[in-house]
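S.K.: Encoded as structure tokens, here's the structure I'll be asking about.
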Amino acid sequence: MPASRTPHFQCLERSSAYRYHPIHNVPFEVLAIILHWAMREDVHIPATALQVSRLWRYISVHSPQLWSRLALTPNWELWQSRIVLARASQLEVELRSDAQRGQSLTAASAQYAMHVALPYIHRWRSLDINLKDYSPYLLASTISGCCSLGHTTAAPQLEELSLHYPLNDDPKEFALFSGYAPRLHRLSVSGMRLVWSSSLYANLTYLDYTHHPFTNGRSAVAEVLHMLRSPRS
């Protein structure tokens with residue numbers, strides 16, 4: 001949460017502009033917490049707070065967790081600046097495709113958006129990918145950067161993973177994070193095939209699974225049973 005009061009902040013407290021509005025009677029730390037909860041509803045709240053007053057700007061800039069949520073778009077500069085302001089905070093990464101809300105993605109734009117966050121994969125606390133619209137090669141382009149082998153794709157701080165693409169037509173199995181995400185305990189997945197390795201999914205305490213369309217009948221049953229047994233093997 002925010003850093004302690006600095007001489008600059010104390011100067012703001014003494015100014016007449018600071019004392020004018022009752023909101024400024026709210027303790028520094030409490031206001032930062034309010035902004036943090038507002039950010040859960042609107043990812044752009046921290047940027048809006050920058051424009052309210054010198055005090056709010058100070059609180060926003062000195063509260064790294066306010067900038068930890070990345071609702072990625074191809075606007076590289078916007079999200080790169082948020083990562084800088086988040087400093088060493090864990091990151092909550094989101095990517096959504098929903099044409100009805102003006103959030104359409106192609107394979108190229110999805111890959112470009114993910115490219116912003118991939119260098120910081122070691123700081124991801126959560127990854128939430130929700131693709132409601134079909135586009136060729138969309139899934140592979142979106143998560144291919146998480147599938148390379150090596151320490152650069154390991155996710156040591158990842159706790160929650162949500163992957164949804166109901167219209168997926170790619171039957172490939174995806175092996176994520178080089179098999180290393182020791183803190184992962186929540187998984188929600190639909191529309192895609194994953195490599196169910198014990199090193200990655202052994203610590204799950206929550207699983208929301210919707211079977212993909214690429215197998216059915218006995219083949220589907222066998223695949224689900226293998227999936228459930230693998231984390232314990």
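Residue names in the structure tokens use chain letters A, B, ... in the order shown, residue numbers from 1 in each chain, and ligand numbers from 1 in the order shown.
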So that I can see what lies close to Ile143 in chain A, please list as a PyMOL selection string the residues with an atom at most 8 Å from it, counting only C-alpha atoms and leaving out residues fewer than 4 positions away in the same chain.
M.R.: chain A and resi 111+114+139+147
S.K.: For N, CA and C atoms, I'd like the residues from the last selection saved as an mmCIF file, in the first residue's frame.
M.R.:
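Writing the result to part-v5.cif gives the following:
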```cif
data_model
loop_
_atom_site.group_PDB
_atom_site.id
_atom_site.type_symbol
_atom_site.label_atom_id
_atom_site.label_comp_id
_atom_site.auth_asym_id
_atom_site.auth_seq_id
_atom_site.Cartn_x
_atom_site.Cartn_y
_atom_site.Cartn_z
ATOM 1 N N GLN A 111 -1.492 -11.067 -29.772
ATOM 2 C CA GLN A 111 -0.084 -11.356 -29.518
ATOM 3 C C GLN A 111 0.673 -10.097 -29.117
ATOM 4 N N MET A 114 -0.263 -9.168 -25.448
ATOM 5 C CA MET A 114 0.399 -10.037 -24.485
ATOM 6 C C MET A 114 1.894 -9.753 -24.404
ATOM 7 N N LEU A 139 -6.172 -18.264 -30.295
ATOM 8 C CA LEU A 139 -5.698 -18.858 -29.053
ATOM 9 C C LEU A 139 -4.185 -19.047 -29.063
ATOM 10 N N CYS A 147 4.180 -20.614 -23.480
ATOM 11 C CA CYS A 147 4.407 -22.038 -23.739
ATOM 12 C C CYS A 147 5.850 -22.385 -24.080
#
```
S.K.: Would you return as a ChimeraX atom specification the members of range 143-179 of chain A that DSSP assigns to strand (DSSP E or B) on this structure's backbone?
M.R.: /A:160-164,173-174
S.K.: I'd like the interatomic distance between CA of Ser104 in chain A and CA of Leu131 in chain A, to a tenth of an Å.
M.R.: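 These two atoms are separated by 9.0 Å.
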S.K.: Pull the helix (DSSP H, G or I) assignments for range 6-230 of chain A out of DSSP run on the backbone, and list those residues as a PyMOL selection string.
M.R.: chain A and resi 7-14+16-20+22-25+28-41+45-49+54-61+64-67+76-86+99-101+107-123+138-146+151-153+177-179+198-201+217-230
S.K.: List as a PyMOL selection string the protein and nucleic acid residues near range 115-119 of chain A, meaning an atom at most 7 Å away when only C-alpha atoms are counted, but skip any in the same chain fewer than 5 places from it.
M.R.: chain A and resi 76+80+145
S.K.: How about saving the chosen residues, C-alpha atoms kept, as a PDB file, in the first residue's frame?
M.R.:
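Saved to selection-v8.pdb:
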```pdb
ATOM      1  CA  TRP A  76       1.436  -0.589 -25.610  1.00  0.00           C
ATOM      2  CA  GLN A  80       3.863  -0.188 -20.106  1.00  0.00           C
ATOM      3  CA  GLY A 145       4.415 -16.730 -25.233  1.00  0.00           C
TER       4      GLY A 145
END
```
S.K.: Excluding range 182-185 of chain A and residues on its chain fewer than 6 positions from it, collect all residues at most 7 Å away from it, counting only C-alpha atoms, and give them as JSON, numbers by chain.
M.R.: {"A": [156, 157, 158, 159, 160, 200, 203, 204, 205, 206]}
S.K.: Need the shell around range 42-58 of chain A: protein/DNA/RNA residues with any atom at most 7 Å away, counting only C-alpha atoms. Skip same-chain ones fewer than 4 positions apart. Format as a PyMOL selection string?
M.R.: chain A and resi 12+38+62+66-67+69
S.K.: Closest to Trp196 in chain A among A:Asp133, A:Asp169, A:Glu29, A:Glu223, using only C-alpha atoms?
M.R.: A:Glu223
